[in-house]
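Undergrad: Sharing a structure below in structure tokens format, with a few things to ask.
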Amino acid sequence: MAFKIVTPGFEQTFERWTDALETANSMKPSLKSWFKDIRILEGGKPVWVYGRLRAHPEYLGPGTYNRLARLFVEEGQAEAAAAQSWQIRDKRFDWGSRTYLMGVLNVTPDSFSDGGQFDTVETALAQAQQLVEAEMDILDIGGQSSRPGARPISVEEECDRLLPIIKAIRATNHDWLREIPISVDTTRAEVARLALEAGADMINDISGGTFEPDIFKVAAGFDAPLILMHLRGTPETMQQMTDYEDLMREIVSFLAGQADRAIAAGVDPKKIAIDPGIGFAKTAAQNITILQELEKLKILNCPILVGTSRKSFIGKIINQPEANARAWGTAATCDCAIAHGADILRVHDGPQMRDVCRMADALWRPLAP
């Protein structure tokens with residue numbers, strides 16, 4: 001669609017009706033002759049005319065007003081959608097249109113669910129392929145376990161685990177795998193920097209930037225999306241720090257403060273996502289409260305990530321001690337999260353959770369395609 005402004009000595013074409021109208025209005029003071037006018041044409045036909053001799057200075061042809069009013073609405077909606085989207089490589093994330101899936105790839109020997117399963121480049125690459133084939137939108141690769149009680153490893157060891165698999169994915173001959181957006185699951189600024197240099201696209205920091213605030217500068221320097229999670233203490237101490245006066249208020253306050261610090265360090269505010277930290281310094285009852293009241297995080301105007309996959313509170317409720325046997329319980333939490341406003345779900349079981357999300361989107365997102 002194109003709109004052309006025509007007046008003596010001037011002619012210009014615009015793709016957007018609002019741009020054409022703004023330019024035409026700005027030209028009014030320069031129209032000195034009573035016998036000339038400014039016209040906006042669409043397909044050669046005038047849809048807006050300004051002339052000093054006209055009884056109605058801005059003339060809209062018959063039936064044109066409603067159509068142009070709809071153009072204002074449509075262009076406004078498109079601008080709002082663009083402001084609420086991320087573009088990572090070839091993938092566009094239009095928040096609110098559907099639920100996006102982040103596939104977990106732990107290249108660790110001691111993660112609570114899949115530790116030791118993918119701690120070589122070969123096994124990790126095979127799992128990455130399976131996750132992408134299951135239509136994951138993001139791969140979240142972590143080299144440091146954050147299970148309760150986990151002790152930190154050195155920066156060098158974390159990099160030795162992470163960087164080879166990131167490089168292997170980016171070097172593969174398969175376009176569909178090579179171009180998958182990669183999130184690096186780390187709390188360390190140096191690890192994040194090296195991972196982004198190796199081909200990662202975004203940072204997922206479970207500490208919300210509290211462990212190493214320099215991670216904000218790294219995200220800003222690469223103009224990388226940043227996910228901030230709520231956490232008290234460390235993985236070693238967090239389960240002794242579950243006393244809250246007002247759980248959701250304190251989570252919102254923490255995330256708002258960390259987002260402000262990230263923005264002050266140069267992070268694009270449109271590239272910040274938030275995570276309430278299910279299972280991190282939370283009891284089973286508190287995890288359920290977060291899922292039921294998730295929409296309270298919307299006040300921060302950021303995409304919301306939720307990670308419930310295979311976690312121990314699910315095992316307690318369904319009496320299932322084996323983490324990899326909690327898919328059905330995870331499915332229920334994913335549906336609840338979507339119903340209350342989640343934008344991204346971090347999951348282990350790709351095909352199953354993909355189908356859960358498709359069905360839940362149809363149920364809870366009436367405007368979803």
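Every chain in the structure tokens takes a letter, A first, then B, and so on in the order presented; its residues are numbered from 1, and the ligands are numbered from 1 following the presented order.
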Skip range 191-208 of chain A itself and residues of its chain fewer than 4 positions away, then list as number ranges by chain all residues within 6 Å of it, counting only C-alpha atoms.
TA: A: 167, 182-187, 218, 224-229, 231
Undergrad: Go ahead and save the residues from that selection, with N, CA, C and O atoms, as a short mmCIF file (atom, residue, chain, number, x, y, z; two decimals), in the first residue's frame.
TA:
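Output (result_19.cif):
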data_model
loop_
_atom_site.label_atom_id
_atom_site.label_comp_id
_atom_site.auth_asym_id
_atom_site.auth_seq_id
_atom_site.Cartn_x
_atom_site.Cartn_y
_atom_site.Cartn_z
N LYS A 167 30.08 -23.72 19.86
CA LYS A 167 30.83 -23.66 18.59
C LYS A 167 30.42 -24.80 17.66
O LYS A 167 30.32 -24.61 16.44
N ILE A 182 20.48 -19.29 20.70
CA ILE A 182 21.10 -19.95 21.86
C ILE A 182 21.15 -18.98 23.03
O ILE A 182 21.62 -17.85 22.90
N SER A 183 20.66 -19.47 24.16
CA SER A 183 20.78 -18.74 25.42
C SER A 183 21.86 -19.41 26.26
O SER A 183 21.90 -20.64 26.35
N VAL A 184 22.72 -18.63 26.87
CA VAL A 184 23.74 -19.20 27.76
C VAL A 184 23.25 -19.00 29.20
O VAL A 184 22.94 -17.89 29.63
N ASP A 185 23.15 -20.12 29.91
CA ASP A 185 22.65 -20.12 31.28
C ASP A 185 23.85 -19.96 32.21
O ASP A 185 24.54 -20.93 32.55
N THR A 186 24.11 -18.72 32.62
CA THR A 186 25.28 -18.44 33.45
C THR A 186 25.02 -17.22 34.31
O THR A 186 24.19 -16.36 33.96
N THR A 187 25.75 -17.11 35.41
CA THR A 187 25.69 -15.93 36.27
C THR A 187 26.98 -15.12 36.17
O THR A 187 27.11 -14.11 36.86
N VAL A 218 28.09 -6.71 29.85
CA VAL A 218 28.30 -7.67 28.76
C VAL A 218 27.08 -7.71 27.86
O VAL A 218 27.19 -7.62 26.63
N ALA A 224 22.55 -7.83 23.61
CA ALA A 224 21.96 -9.16 23.72
C ALA A 224 20.76 -9.14 24.65
O ALA A 224 20.78 -8.47 25.70
N PRO A 225 19.70 -9.89 24.34
CA PRO A 225 18.60 -10.05 25.29
C PRO A 225 19.10 -10.66 26.60
O PRO A 225 20.04 -11.45 26.61
N LEU A 226 18.44 -10.28 27.68
CA LEU A 226 18.87 -10.69 29.02
C LEU A 226 17.66 -11.15 29.82
O LEU A 226 16.67 -10.43 29.92
N ILE A 227 17.74 -12.35 30.37
CA ILE A 227 16.68 -12.87 31.23
C ILE A 227 17.13 -12.76 32.68
O ILE A 227 18.20 -13.26 33.05
N LEU A 228 16.32 -12.09 33.49
CA LEU A 228 16.62 -11.88 34.90
C LEU A 228 15.69 -12.74 35.74
O LEU A 228 14.46 -12.64 35.62
N MET A 229 16.25 -13.58 36.59
CA MET A 229 15.45 -14.45 37.45
C MET A 229 15.51 -14.00 38.90
O MET A 229 16.52 -13.46 39.34
N LEU A 231 15.98 -14.74 42.70
CA LEU A 231 16.68 -15.72 43.54
C LEU A 231 17.10 -15.05 44.84
O LEU A 231 17.50 -13.88 44.84
#
Undergrad: Write out as a JSON list (two decimals) with N, CA and C atoms, in the first residue's frame which residues come within 10 Å of range 168-175 of chain A when counting only C-alpha atoms, dropping same-chain ones fewer than 4 positions away.
TA:
[["chain", "number", "residue", "atom", "x", "y", "z"],
["A", 121, "VAL", "N", 30.66, -33.32, 23.74],
["A", 121, "VAL", "CA", 30.19, -32.57, 22.57],
["A", 121, "VAL", "C", 29.26, -33.43, 21.73],
["A", 122, "GLU", "N", 29.59, -34.70, 21.59],
["A", 122, "GLU", "CA", 28.79, -35.59, 20.74],
["A", 122, "GLU", "C", 27.38, -35.79, 21.29],
["A", 124, "ALA", "N", 25.86, -33.90, 23.54],
["A", 124, "ALA", "CA", 25.17, -32.61, 23.62],
["A", 124, "ALA", "C", 24.65, -32.19, 22.25],
["A", 125, "LEU", "N", 25.45, -32.40, 21.22],
["A", 125, "LEU", "CA", 25.02, -32.03, 19.87],
["A", 125, "LEU", "C", 23.82, -32.87, 19.44],
["A", 128, "ALA", "N", 20.85, -31.47, 21.20],
["A", 128, "ALA", "CA", 20.47, -30.21, 20.57],
["A", 128, "ALA", "C", 19.65, -30.46, 19.31],
["A", 129, "GLN", "N", 20.07, -31.42, 18.52],
["A", 129, "GLN", "CA", 19.34, -31.77, 17.31],
["A", 129, "GLN", "C", 17.93, -32.26, 17.63],
["A", 163, "LEU", "N", 31.60, -23.73, 25.83],
["A", 163, "LEU", "CA", 32.04, -23.18, 24.55],
["A", 163, "LEU", "C", 32.13, -24.21, 23.43],
["A", 164, "PRO", "N", 32.64, -25.42, 23.68],
["A", 164, "PRO", "CA", 32.73, -26.38, 22.57],
["A", 164, "PRO", "C", 31.38, -26.73, 21.95],
["A", 179, "GLU", "N", 21.24, -22.12, 12.99],
["A", 179, "GLU", "CA", 20.66, -20.79, 13.21],
["A", 179, "GLU", "C", 19.71, -20.73, 14.40],
["A", 180, "ILE", "N", 19.63, -21.80, 15.20],
["A", 180, "ILE", "CA", 18.75, -21.76, 16.37],
["A", 180, "ILE", "C", 19.25, -20.72, 17.37],
["A", 182, "ILE", "N", 20.48, -19.29, 20.70],
["A", 182, "ILE", "CA", 21.10, -19.95, 21.86],
["A", 182, "ILE", "C", 21.15, -18.98, 23.03],
["A", 198, "ALA", "N", 31.34, -16.79, 21.07],
["A", 198, "ALA", "CA", 31.37, -18.11, 20.43],
["A", 198, "ALA", "C", 30.13, -18.39, 19.60],
["A", 199, "GLY", "N", 29.08, -17.55, 19.76],
["A", 199, "GLY", "CA", 27.89, -17.74, 18.95],
["A", 199, "GLY", "C", 26.58, -17.78, 19.70],
["A", 200, "ALA", "N", 26.59, -17.66, 21.03],
["A", 200, "ALA", "CA", 25.34, -17.55, 21.77],
["A", 200, "ALA", "C", 24.70, -16.19, 21.47]]
Undergrad: Which neighbours of Ile251 in chain A fall inside 7 Å, counting only C-alpha atoms, when residues of the same chain fewer than 4 positions from it are skipped, and could you give them as a ChimeraX atom specification?
TA: /A:230,247,255,276
Undergrad: Between A:Asp37, A:Asp243, A:Asp140, A:Asp223, which has the minimum distance to Gly307 in chain A (counting only C-alpha atoms)?
TA: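 Ranked by minimum distance to Gly307 in chain A, first place goes to A:Asp140.
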Undergrad: Find, counting only C-alpha atoms, the residue in A:Gln130, A:Thr330, A:Gln87, A:Thr210 that gets nearest to Lys271 in chain A.
TA: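 Among the listed residues, A:Gln87 lies closest to Lys271 in chain A.
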Undergrad: Within 8 Å of Met248 in chain A, counting only C-alpha atoms, which residues show up once you throw out same-chain ones fewer than 4 positions away? Write them as a PyMOL selection string, please.
TA: chain A and resi 252+290+293+296
Undergrad: Counting only C-alpha atoms, what is within 8 Å of Pro321 in chain A, bar same-chain residues fewer than 5 positions away, as an MDAnalysis selection string?
TA: chainID A and resid 312 315:316
Undergrad: Given the selection you just returned, output its residues as a file containing N, CA, C and O atoms, formatted as an mmCIF file, in the first residue's frame.
TA:
data_model
loop_
_atom_site.group_PDB
_atom_site.id
_atom_site.type_symbol
_atom_site.label_atom_id
_atom_site.label_comp_id
_atom_site.auth_asym_id
_atom_site.auth_seq_id
_atom_site.Cartn_x
_atom_site.Cartn_y
_atom_site.Cartn_z
ATOM 1 N N SER A 312 11.275 -30.496 41.734
ATOM 2 C CA SER A 312 10.976 -31.361 42.880
ATOM 3 C C SER A 312 9.587 -31.105 43.454
ATOM 4 O O SER A 312 8.966 -32.031 43.984
ATOM 5 N N GLY A 315 7.328 -33.394 41.854
ATOM 6 C CA GLY A 315 7.523 -34.744 42.369
ATOM 7 C C GLY A 315 6.849 -34.957 43.708
ATOM 8 O O GLY A 315 6.271 -36.028 43.969
ATOM 9 N N LYS A 316 6.887 -33.953 44.571
ATOM 10 C CA LYS A 316 6.246 -34.071 45.883
ATOM 11 C C LYS A 316 4.736 -34.193 45.734
ATOM 12 O O LYS A 316 4.091 -34.994 46.438
#
Undergrad: Could you pull out the residues in range 98-323 of chain A that DSSP calls helix (DSSP H, G or I) from the backbone, as a ChimeraX atom specification?
TA: /A:121-133,155-171,175-178,189-198,214-222,238-240,247-264,269-271,284-292,294-300,312-318,323
Undergrad: As a PyMOL selection string, please: every residue in range 104-340 of chain A that a backbone DSSP assignment puts in strand (DSSP E).
TA: chain A and resi 104-106+138-142+182-185+202-205+226-229+272-275+305-306
Undergrad: Given only C-alpha atoms as the basis, pick out the residue of A:Lys91, A:Arg188, A:Arg365, A:Arg354 nearest to Gly143 in chain A.
TA: A:Arg188
Undergrad: Calculate how many Å separate CA of Glu135 in chain A from CA of Arg310 in chain A, rounding to one decimal.
TA: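 Here the two named atoms are 19.3 Å from each other.
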Undergrad: Which one of A:His340, A:Arg232, A:Lys28, A:Arg54 sits closest to Glu250 in chain A if you count only C-alpha atoms?
TA: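 Among the listed residues, A:Arg232 lies closest to Glu250 in chain A.
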Undergrad: From the list A:Gln292, A:Asn106, A:Thr18, A:Thr23, which residue is nearest Ile338 in chain A when using only C-alpha atoms?
TA: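 Among the listed residues, A:Gln292 lies closest to Ile338 in chain A.
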Undergrad: Give me, as a PyMOL selection string, all polymer residues having an atom no more than 7 Å from range 97-99 of chain A, counting only C-alpha atoms and skipping those fewer than 6 positions away in the same chain.
TA: chain A and resi 343-344+357+361+368
Undergrad: Give me, please, the distance in Å between CA of Thr283 in chain A and CA of Ala323 in chain A, quoted to one decimal.
TA: 17.2 Å
Undergrad: What's around Asp214 in chain A at 10 Å? Count only C-alpha atoms, leave out sequence neighbours fewer than 6 positions away in its own chain, and write the answer as a list in words.
TA: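 Here the qualifying residues turn out to be Thr187, Arg188, Ala189, Glu190, Ala220, Ala262 and Ala265 of chain A.
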